[in-house]
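S.K.: Dropping in protein_7.txt, with compact mmCIF, C-alpha atoms.
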# COMPACT_ATOMS: atom_id res chain seq x y z
CA MET A 82 15.55 43.49 17.34
CA SER A 83 14.82 40.91 19.99
CA GLU A 84 12.95 37.71 19.30
CA ARG A 85 9.86 39.22 20.81
CA ASP A 86 9.78 42.04 18.28
CA ILE A 87 9.79 39.92 15.15
CA PRO A 88 6.17 39.84 14.02
CA VAL A 89 4.40 36.54 14.57
CA THR A 90 3.49 34.81 11.30
CA GLU A 91 0.53 32.66 10.41
CA ASP A 92 2.83 29.64 10.08
CA GLU A 93 4.07 30.26 13.61
CA LEU A 94 0.55 30.10 14.96
CA HIS A 95 0.19 26.64 13.44
CA ALA A 96 3.61 25.62 14.69
CA PHE A 97 2.60 26.84 18.14
CA VAL A 98 -0.44 24.55 18.12
CA ASP A 99 1.63 21.62 16.81
CA ASP A 100 4.50 22.09 19.30
CA GLN A 101 6.86 22.64 16.42
CA LEU A 102 7.86 26.16 17.33
CA PRO A 103 11.46 26.90 18.30
CA ALA A 104 11.62 27.61 22.03
CA GLU A 105 12.70 31.19 21.59
CA ARG A 106 9.54 32.04 19.64
CA ARG A 107 7.02 30.54 22.07
CA ARG A 108 7.12 33.55 24.32
CA ALA A 109 6.65 35.89 21.38
CA VAL A 110 3.63 33.96 20.19
CA GLU A 111 2.09 33.83 23.64
CA THR A 112 2.50 37.55 23.96
CA TRP A 113 0.97 38.07 20.52
CA LEU A 114 -2.04 35.88 21.31
CA ALA A 115 -2.66 37.78 24.52
CA ALA A 116 -2.92 40.93 22.45
CA HIS A 117 -4.84 39.49 19.47
CA PRO A 118 -8.07 37.81 20.56
CA ASP A 119 -9.09 36.81 17.03
CA ASP A 120 -5.87 34.86 16.55
CA ALA A 121 -6.20 33.46 20.04
CA GLU A 122 -9.65 32.17 19.17
CA ARG A 123 -8.38 30.46 16.02
CA VAL A 124 -5.52 28.87 17.92
CA ARG A 125 -7.99 27.63 20.52
CA ALA A 126 -10.22 26.19 17.78
CA TRP A 127 -7.26 24.48 16.09
CA ARG A 128 -6.17 22.92 19.37
CA ALA A 129 -9.70 21.70 19.97
CA LEU A 130 -9.95 20.08 16.57
CA SER A 131 -6.57 18.38 17.04
CA GLU A 132 -7.96 16.92 20.24
CA GLN A 133 -11.11 15.80 18.47
CA ILE A 134 -9.09 14.02 15.78
CA ARG A 135 -6.97 12.25 18.37
CA ASP A 136 -10.00 11.28 20.45
CA ARG A 137 -11.80 9.96 17.40
CA PHE A 138 -8.99 7.85 15.91
CA GLY A 139 -6.37 7.49 18.61
CA ARG A 140 -7.74 4.23 19.94
CA VAL A 141 -6.97 2.37 16.71
CA VAL A 142 -3.40 1.80 17.91
CA ASP A 143 -4.76 -0.19 20.84
CA GLU A 144 -6.73 -2.57 18.66
CA PRO A 145 -5.28 -6.05 18.24
CA VAL A 146 -3.57 -6.29 14.88
CA PRO A 147 -5.66 -8.40 12.51
CA ARG A 148 -4.10 -11.65 11.37
CA ARG A 149 -4.13 -10.59 7.73
CA LEU A 150 -1.39 -8.11 8.63
CA ASP A 151 0.88 -10.71 10.16
CA LEU A 152 4.25 -10.28 8.47
CA ASP A 153 4.97 -13.99 8.27
CA ARG A 154 1.77 -14.51 6.36
CA LEU A 155 2.56 -11.70 3.98
CA THR A 156 5.95 -13.11 3.14
CA ALA A 157 5.32 -16.85 3.23
CA ARG A 158 8.06 -17.93 0.93
CA ARG A 159 10.79 -20.54 1.00
CA PRO A 160 14.23 -19.14 1.47
CA ARG A 161 15.98 -18.79 -1.84
CA LEU A 162 18.99 -21.00 -1.73
CA VAL A 163 21.53 -20.05 -4.33
CA ILE A 164 24.75 -21.95 -3.89
CA MET A 165 27.56 -21.97 -6.36
CA GLY A 166 30.84 -23.71 -6.78
CA ALA A 167 33.51 -24.15 -4.16
CA ILE A 168 31.60 -22.35 -1.47
CA ALA A 169 28.78 -24.83 -1.87
CA ALA A 170 31.08 -27.80 -1.51
CA THR A 171 32.59 -26.40 1.67
CA LEU A 172 29.22 -25.56 3.14
CA LEU A 173 27.72 -28.91 2.37
CA ALA A 174 30.73 -30.71 3.75
CA PHE A 175 30.29 -28.73 6.94
CA VAL A 176 26.59 -29.42 7.13
CA GLY A 177 26.88 -33.03 5.98
CA GLY A 178 29.53 -33.37 8.69
CA GLY A 179 29.49 -36.37 10.89
CA GLY A 180 28.83 -39.45 8.90
CA ALA A 181 26.48 -38.63 6.07
CA GLY A 182 29.48 -37.67 4.04
CA TRP A 183 28.76 -35.05 1.52
CA VAL A 184 27.15 -35.30 -1.81
CA ALA A 185 28.32 -33.49 -4.91
CA HIS A 186 26.77 -30.06 -4.90
CA GLU A 187 24.96 -30.57 -8.17
CA ALA A 188 22.66 -32.97 -6.44
CA PHE A 189 21.85 -30.80 -3.46
CA ALA A 190 22.31 -27.17 -4.25
CA THR A 191 19.03 -25.68 -5.36
CA GLU A 192 19.61 -22.92 -7.79
CA MET A 193 16.64 -20.69 -8.23
CA THR A 194 16.56 -19.82 -11.87
CA ALA A 195 14.91 -16.67 -12.99
CA SER A 196 11.80 -18.45 -14.18
CA GLU A 197 11.43 -20.40 -10.95
CA THR A 198 11.76 -17.18 -9.00
CA LEU A 199 9.06 -15.76 -11.23
CA ARG A 200 6.83 -18.72 -10.46
CA ASP A 201 7.45 -18.18 -6.76
CA ASP A 202 6.45 -14.53 -6.97
CA ALA A 203 3.37 -15.33 -9.01
CA VAL A 204 2.15 -18.06 -6.67
CA ILE A 205 2.65 -15.81 -3.67
CA ALA A 206 0.60 -13.11 -5.36
CA HIS A 207 -1.99 -15.71 -6.36
CA ARG A 208 -2.37 -16.94 -2.79
CA LEU A 209 -2.51 -13.45 -1.36
CA TYR A 210 -5.13 -12.00 -3.66
CA THR A 211 -7.38 -14.94 -4.49
CA LYS A 212 -8.16 -15.15 -0.77
CA GLU A 213 -9.74 -11.69 -0.85
CA GLN A 214 -13.50 -11.46 -0.95
CA ARG A 215 -13.95 -7.73 -1.24
CA HIS A 216 -10.79 -6.67 -3.01
CA PRO A 217 -9.31 -9.55 -4.99
CA ILE A 218 -8.60 -7.30 -7.91
CA GLU A 219 -7.89 -3.60 -8.08
CA VAL A 220 -9.60 -2.72 -11.35
CA SER A 221 -12.51 -4.72 -12.68
CA SER A 222 -12.76 -6.06 -16.18
CA ASN A 223 -15.70 -3.69 -16.70
CA GLU A 224 -13.33 -0.76 -16.61
CA GLU A 225 -12.18 0.27 -20.04
CA HIS A 226 -8.86 1.47 -18.70
CA LEU A 227 -7.84 -1.89 -17.20
CA MET A 228 -5.78 -3.06 -20.17
CA PRO A 229 -4.36 0.33 -21.23
CA TRP A 230 -3.37 1.04 -17.64
CA LEU A 231 -1.63 -2.28 -17.04
CA SER A 232 -0.08 -2.28 -20.50
CA ARG A 233 1.35 1.17 -19.89
CA ARG A 234 2.76 0.25 -16.51
CA VAL A 235 4.13 -3.14 -17.51
CA GLY A 236 5.55 -1.75 -20.73
CA THR A 237 3.95 -3.86 -23.42
CA THR A 238 0.51 -4.15 -24.96
CA LEU A 239 -1.33 -6.67 -22.83
CA ARG A 240 -4.45 -8.57 -23.63
CA ALA A 241 -6.00 -10.81 -21.02
CA PRO A 242 -6.71 -14.22 -22.59
CA ASP A 243 -10.34 -15.18 -23.03
CA LEU A 244 -10.98 -18.27 -20.93
CA THR A 245 -14.75 -18.31 -21.19
CA ASN A 246 -14.63 -21.60 -23.13
CA LEU A 247 -13.12 -23.09 -20.00
CA ASN A 248 -15.80 -21.44 -17.87
CA PHE A 249 -13.46 -18.88 -16.40
CA ARG A 250 -14.62 -15.27 -16.33
CA LEU A 251 -12.14 -12.43 -16.15
CA MET A 252 -12.72 -10.53 -12.90
CA GLY A 253 -10.11 -7.86 -13.45
CA GLY A 254 -6.51 -7.13 -12.62
CA ARG A 255 -4.02 -5.37 -10.45
CA LEU A 256 -0.55 -3.97 -10.64
CA LEU A 257 2.23 -5.49 -8.57
CA PRO A 258 5.94 -4.97 -8.14
CA GLY A 259 7.63 -7.71 -10.19
CA PRO A 260 11.19 -8.98 -9.87
CA SER A 261 12.61 -6.45 -12.30
CA ALA A 262 9.66 -4.42 -13.54
CA PRO A 263 5.99 -3.94 -12.73
CA ALA A 264 3.85 -7.06 -13.11
CA ALA A 265 0.21 -7.45 -14.06
CA LEU A 266 -1.99 -9.97 -12.30
CA PHE A 267 -5.24 -10.99 -13.98
CA MET A 268 -7.75 -12.98 -12.00
CA TYR A 269 -10.39 -15.32 -13.37
CA GLU A 270 -13.20 -17.07 -11.57
CA SER A 271 -15.34 -20.06 -12.45
CA ALA A 272 -18.98 -20.60 -11.52
CA SER A 273 -17.87 -23.06 -8.86
CA GLY A 274 -15.64 -20.42 -7.28
CA ASP A 275 -12.24 -21.64 -8.48
CA ARG A 276 -9.87 -18.79 -9.13
CA VAL A 277 -6.91 -18.78 -11.49
CA THR A 278 -4.49 -15.96 -12.07
CA LEU A 279 -2.22 -14.94 -14.90
CA TYR A 280 0.88 -13.11 -13.72
CA CYS A 281 3.04 -11.45 -16.35
CA THR A 282 6.07 -9.22 -16.29
CA PRO A 283 9.13 -8.30 -18.35
CA LEU A 284 12.01 -10.59 -17.58
CA LYS A 285 15.36 -10.74 -19.34
CA VAL A 286 15.82 -14.48 -19.51
CA ALA A 287 16.14 -17.25 -22.06
CA ASN A 288 12.92 -18.71 -23.44
CA SER A 289 11.77 -21.64 -21.34
CA GLU A 290 9.09 -24.18 -21.97
CA MET A 291 6.05 -24.75 -19.83
CA ALA A 292 6.57 -26.68 -16.64
CA TYR A 293 3.86 -27.62 -14.15
CA LYS A 294 4.54 -27.61 -10.45
CA GLU A 295 2.49 -28.04 -7.30
CA ASP A 296 3.23 -26.48 -3.96
CA GLU A 297 1.05 -26.55 -0.89
CA GLY A 298 -2.31 -26.50 -2.59
CA ALA A 299 -1.41 -24.36 -5.56
CA GLY A 300 -0.59 -25.54 -9.05
CA SER A 301 1.25 -23.40 -11.57
CA VAL A 302 2.71 -23.33 -15.02
CA VAL A 303 5.44 -20.87 -15.97
CA TRP A 304 6.90 -19.99 -19.32
CA THR A 305 9.12 -17.27 -20.61
CA HIS A 306 9.25 -15.94 -24.13
CA ASP A 307 10.67 -12.82 -25.75
CA ASP A 308 11.94 -11.35 -22.48
CA PHE A 309 8.59 -11.75 -20.85
CA GLY A 310 7.46 -14.17 -18.20
CA TRP A 311 4.01 -15.65 -17.69
CA VAL A 312 2.62 -17.74 -14.87
CA ILE A 313 -0.78 -19.38 -14.60
CA SER A 314 -1.63 -20.25 -10.99
CA GLY A 315 -4.63 -21.96 -9.52
CA PRO A 316 -5.78 -24.90 -7.44
CA ALA A 317 -3.50 -27.95 -7.29
CA ASN A 318 -5.32 -29.54 -10.21
CA LYS A 319 -2.86 -30.51 -12.89
CA ASP A 320 -5.36 -30.99 -15.68
CA MET A 321 -7.13 -27.73 -14.99
CA ILE A 322 -3.97 -25.68 -14.78
CA LYS A 323 -2.40 -27.22 -17.85
CA THR A 324 -5.57 -26.68 -19.85
CA VAL A 325 -5.85 -23.07 -18.77
CA ALA A 326 -2.19 -22.50 -19.47
CA ALA A 327 -2.45 -24.04 -22.91
CA ALA A 328 -5.41 -21.82 -23.75
CA ALA A 329 -3.68 -18.73 -22.46
CA TYR A 330 -0.46 -19.60 -24.21
CA SER A 331 -2.13 -20.16 -27.54
CA GLN A 332 -3.82 -16.79 -27.42
CA ILE A 333 -0.83 -14.90 -26.14
CA GLU A 334 1.58 -16.26 -28.67
CA THR A 335 -0.68 -15.31 -31.54
CA TRP A 336 -1.09 -11.65 -30.57
CA MET B 135 12.92 -11.79 12.59
CA ASN B 136 15.50 -9.28 11.47
CA ALA B 137 15.68 -5.66 12.55
CA PHE B 138 14.06 -4.40 9.37
CA ARG B 139 10.99 -6.58 9.81
CA GLN B 140 10.81 -5.83 13.50
CA SER B 141 10.77 -2.12 12.78
CA ILE B 142 8.03 -2.59 10.23
CA GLU B 143 5.99 -4.71 12.60
CA ALA B 144 6.27 -2.05 15.28
CA MET B 145 4.77 0.47 12.88
CA ILE B 146 1.62 -1.50 12.06
CA PRO B 147 -0.66 0.01 14.76
CA ALA B 148 0.28 3.56 13.77
CA LEU B 149 -0.18 2.82 10.08
CA ARG B 150 -3.64 1.37 10.84
CA ARG B 151 -4.57 4.48 12.76
CA TYR B 152 -3.46 6.78 9.96
CA ALA B 153 -5.17 4.66 7.31
CA ARG B 154 -8.39 4.54 9.32
CA ALA B 155 -8.49 8.32 9.65
CA LEU B 156 -7.54 8.78 6.01
CA THR B 157 -10.18 6.44 4.58
CA ARG B 158 -12.74 6.13 7.37
CA ASP B 159 -13.47 2.54 6.40
CA ALA B 160 -11.81 -0.13 8.54
CA ASP B 161 -11.57 -2.66 5.69
CA ILE B 162 -10.24 -0.22 3.11
CA ALA B 163 -7.81 1.01 5.73
CA ASP B 164 -6.48 -2.46 6.46
CA ASP B 165 -6.28 -3.18 2.71
CA LEU B 166 -4.05 -0.13 2.40
CA VAL B 167 -1.90 -1.21 5.31
CA GLN B 168 -1.62 -4.72 3.90
CA ASP B 169 -0.57 -3.39 0.48
CA THR B 170 1.91 -1.09 2.20
CA LEU B 171 3.44 -3.92 4.20
CA VAL B 172 3.72 -6.21 1.17
CA ARG B 173 5.52 -3.50 -0.79
CA ALA B 174 7.76 -2.60 2.10
CA LEU B 175 8.75 -6.19 2.79
CA ARG B 176 9.52 -6.83 -0.87
CA ALA B 177 11.73 -3.78 -1.03
CA GLU B 178 13.88 -4.78 1.93
CA ARG B 179 16.91 -5.15 -0.27
CA LEU B 180 16.30 -1.69 -1.69
CA PHE B 181 16.04 0.00 1.68
CA VAL B 182 19.48 1.30 2.45
CA GLY B 183 18.63 3.07 5.67
CA GLY B 184 17.01 6.37 6.47
CA ASP B 185 13.68 7.00 8.03
CA LEU B 186 11.64 3.81 7.89
CA ARG B 187 8.64 5.51 9.47
CA SER B 188 8.48 8.22 6.82
CA TRP B 189 9.03 5.67 4.11
CA LEU B 190 6.07 3.57 5.28
CA TYR B 191 3.80 6.60 5.56
CA THR B 192 4.88 7.63 2.06
CA ILE B 193 3.97 4.26 0.60
CA LEU B 194 0.60 4.28 2.31
CA THR B 195 -0.19 7.87 1.33
CA ASN B 196 0.69 7.16 -2.29
CA LEU B 197 -1.33 3.95 -2.34
CA ASN B 198 -4.35 5.86 -1.11
CA ARG B 199 -3.88 8.49 -3.77
CA ASN B 200 -3.81 5.77 -6.42
CA ARG B 201 -6.90 4.19 -4.91
CA ARG B 202 -8.76 7.51 -4.88
CA ARG B 203 -7.76 8.21 -8.48
CA ALA B 204 -9.08 4.82 -9.54
CA LEU B 205 -12.28 5.51 -7.62
CA ALA B 206 -12.68 8.88 -9.27
CA ARG B 207 -12.97 7.16 -12.62
CA LYS B 208 -15.83 4.98 -11.43
CA PRO B 209 -19.48 6.04 -11.35
CA THR B 210 -20.36 8.61 -8.71
CA ILE B 211 -22.18 6.15 -6.52
CA THR B 212 -18.95 4.42 -5.56
CA ALA B 213 -17.28 7.70 -4.66
CA LEU B 214 -20.23 8.60 -2.46
CA MET B 215 -20.03 5.30 -0.66
CA ASP B 216 -16.40 5.90 0.12
CA THR B 217 -17.25 9.04 2.04
CA ALA B 218 -20.30 7.62 3.78
CA THR B 219 -20.36 7.76 7.56
CA GLU B 220 -19.10 4.71 9.39
CA ALA B 221 -21.88 2.52 10.71
CA SER B 222 -20.31 2.52 14.13
CA GLY B 223 -20.75 6.29 14.59
CA THR B 224 -20.12 7.46 18.12
CA GLU B 225 -21.24 10.74 19.69
CA ALA B 226 -22.44 13.45 17.36
CA GLU B 227 -19.15 15.27 17.82
CA GLY B 228 -17.15 12.19 16.84
CA ARG B 229 -19.18 11.76 13.72
CA ASP B 230 -18.83 15.41 12.78
CA ILE B 231 -15.06 15.53 12.91
CA ALA B 232 -14.90 12.47 10.69
CA GLN B 233 -17.30 14.06 8.21
CA ALA B 234 -15.32 17.27 8.33
CA LEU B 235 -12.16 15.34 7.49
CA ALA B 236 -13.89 13.51 4.67
CA ALA B 237 -14.90 16.81 3.10
CA LEU B 238 -11.30 17.92 2.79
CA VAL B 239 -9.22 17.64 -0.34
CA GLU B 240 -7.07 14.53 0.08
CA ASP B 241 -3.68 16.27 0.28
CA GLN B 242 -4.98 18.56 3.01
CA ARG B 243 -6.48 15.69 4.95
CA ALA B 244 -3.26 13.70 4.73
CA ALA B 245 -1.13 16.67 5.81
CA LEU B 246 -3.36 17.41 8.79
CA LEU B 247 -3.49 13.78 9.94
CA LEU B 248 0.25 13.26 9.58
CA VAL B 249 0.88 16.27 11.82
CA VAL B 250 -1.94 16.01 14.32
CA LEU B 251 -2.61 12.29 14.56
CA GLU B 252 0.76 10.82 13.71
CA GLY B 253 2.84 13.56 15.33
CA LEU B 254 5.26 13.99 12.44
CA SER B 255 7.31 17.13 11.96
CA TYR B 256 6.59 19.53 9.11
CA ARG B 257 9.86 18.45 7.53
CA GLU B 258 8.83 14.78 7.67
CA VAL B 259 5.40 15.54 6.22
CA ALA B 260 7.05 17.51 3.40
CA ASP B 261 9.21 14.47 2.60
CA ILE B 262 6.26 12.13 2.74
CA GLN B 263 4.08 14.27 0.49
CA GLY B 264 6.99 15.17 -1.77
CA VAL B 265 6.41 18.92 -1.52
CA PRO B 266 8.17 21.94 0.04
CA ILE B 267 7.45 22.72 3.70
CA GLY B 268 5.62 25.86 2.57
CA THR B 269 3.11 23.70 0.74
CA VAL B 270 2.60 21.59 3.85
CA MET B 271 1.92 24.74 5.89
CA SER B 272 -0.54 25.96 3.30
CA ARG B 273 -2.36 22.60 3.28
CA LEU B 274 -2.46 22.61 7.07
CA ALA B 275 -3.82 26.15 7.18
CA ARG B 276 -6.54 25.40 4.65
CA ALA B 277 -7.47 22.12 6.31
CA ARG B 278 -7.89 23.83 9.66
CA ALA B 279 -9.83 26.73 8.18
CA HIS B 280 -12.21 24.41 6.34
CA ILE B 281 -12.81 22.14 9.32
CA LYS B 282 -13.29 25.04 11.69
CA ALA B 283 -15.86 26.55 9.34
CA TYR B 284 -17.58 23.17 8.87
CA LEU B 285 -17.87 22.48 12.57
CA GLU B 286 -19.04 25.98 13.37
CA GLU B 287 -21.58 26.28 10.63
CA GLY B 288 -22.62 22.63 10.54
CA ARG B 289 -22.28 22.35 6.81
CA PRO B 290 -19.38 21.65 4.46
CA ALA B 291 -17.20 24.65 3.77
CA LEU B 292 -16.71 25.56 0.13
CA ARG B 293 -14.14 23.29 -1.46
CA ARG B 294 -11.95 24.81 -4.05
CA VAL B 295 -11.89 22.55 -7.09
CA LYS B 296 -8.30 22.03 -8.22
Take the structure in the file and give it back as structure tokens.
M.R.:
Amino acid sequence: MSERDIPVTEDELHAFVDDQLPAERRRAVETWLAAHPDDAERVRAWRALSEQIRDRFGRVVDEPVPRRLDLDRLTARRPRLVIMGAIAATLLAFVGGGGAGWVAHEAFATEMTASETLRDDAVIAHRLYTKEQRHPIEVSSNEEHLMPWLSRRVGTTLRAPDLTNLNFRLMGGRLLPGPSAPAALFMYESASGDRVTLYCTPLKVANSEMAYKEDEGAGSVVWTHDDFGWVISGPANKDMIKTVAAAAYSQIETW
Amino acid sequence: MNAFRQSIEAMIPALRRYARALTRDADIADDLVQDTLVRALRAERLFVGGDLRSWLYTILTNLNRNRRRALARKPTITALMDTATEASGTEAEGRDIAQALAALVEDQRAALLLVVLEGLSYREVADIQGVPIGTVMSRLARARAHIKAYLEEGRPALRRVK
């Protein structure tokens, strides 16, 4: 049986329209369509609607890419410098080179501990999402499934701390990829428009105490406890952040 | 910028086009693309090669499915707003094809757009949607049948409730 004799299938008609038909079947399909006006009409209609779709949306690729999609903005993070031991000494000697001598690596090498990496991730998420006007959070605090959903995904029963005494209202939350497991991000907003976030995720690491840090307009406190990490982020206002963190901490640790 | 990031950057216009056709709202579309890019960039260390294009489309398609599922749980009014016609409607024909697409079941719409608008092969679409090629063909056939009926009769074709 030659190629032309194998009956033309419905799938082949679609493949014909989409230019995904093997060359040897094109002729068979063309012959078929010449003999089957109903199929020919459908093929014509499918081609026309493909054209309509391309005409309607094709021009989007020519639009200038909005700044919010700039990759450097989306990954604005300091390079993680993890230097250890002999390699560090050699590297620093090389860099320190001509005249500055080199300093013992303990003084210069910046080791990103797990909790500092967590802080980094949380502040990045904080910056990214608190800027949003329309979509700062994914699920609002009105939704009953907010906590069950995030708890299920993060892997532990979560309860967003109540910060209303500090004039912060819970807006809602979203799910993010964390360093080793999904992370939940809760966002709160004050009447004056300040936004703070609580980022939490499982993290196998030793318990660490709260430490405040500021970086380019954002203040944060991180702590880890029971293989779980928490970060409060907000404006670079030490008192505000520490107060919020203390309130959150006290509620969380008494769950 | 390394090769991985350059490849991702090169894909942004196409991802915007796909997202715009999938969601019909320019802001929601760019939200989806932004979320896709953030996830892709974070997973650089996990990406051991393969088809970056398909991978990006997969992330975006899945993000939209999650978004639609979250929307489905909200009151009807929000779901209606999501399928409302864009304010910047063009000719009547342009508006109709967009409405026709909006009336499709999401998997069918995605399959049709990936083939027709993004020019992906059936094999690639099957990988992106995580289904056999036969399922892609069936979605394509139903999408085309529904849209053809909608455009010819000027009203939404019957949607089969899953």
S.K.: Could you list, as a list in words, every residue of chain A that has an atom within 7 Å of an atom of chain B, counting all atoms listed in the file?
M.R.: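 Only these qualify: Asp92, Ala126, Trp127, Ser131, Gln133, Ile134, Arg135, Arg137, Phe138, Gly139, Val141, Val142, Val146, Leu150 and Leu155 of chain A.
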S.K.: For atom CA of A:Gly315 and atom CA of A:Gly300, determine how far apart the two atoms are, in Å to one decimal place.
M.R.: 5.4 Å
S.K.: Mind pulling up the distance from atom CA of B:Arg273 to atom CA of A:Glu132?
M.R.: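 Taking atom CA of A:Glu132 and atom CA of B:Arg273, their separation equals 18.7 Å.
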S.K.: What is the atom CA of A:Asp296 to atom CA of A:Pro316 distance in Å?
M.R.: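 Straight-line distance from atom CA of A:Asp296 to atom CA of A:Pro316 works out to 9.8 Å.
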S.K.: Pick from A:Asp119, A:Glu270, A:Asp151, A:Asp201: nearest to A:Ile218, with all atoms listed in the file counted?
M.R.: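 Closest to A:Ile218, using all atoms listed in the file: A:Glu270.
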S.K.: Would you kindly return, as number ranges by chain, each protein, DNA or RNA residue with an atom no farther than 8 Å from any atom of A:Val220, considering all atoms listed in the file and excluding same-chain residues fewer than 4 positions away?
M.R.: A: 224, 227, 253-255; B: 204
S.K.: So, counting all atoms listed in the file, which residue among A:Ile205, A:Leu94, A:Ala195, A:Leu130 is closest to A:Gly298?
M.R.: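 Among the listed residues, A:Ile205 lies closest to A:Gly298.
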S.K.: When distances are computed from all atoms listed in the file, which of A:Thr305, A:Gln214, A:Thr245, A:Ser271 shows the smallest separation from A:Tyr330?
M.R.: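 For A:Tyr330, the nearest of the given residues is A:Thr305.
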S.K.: Could you pull the residues within 12 Å of B:Asp185, counting all atoms listed in the file, minus those fewer than 6 positions along the same chain, as a ChimeraX atom specification?
M.R.: /B:138,141-142,191-192,254,258,261-262
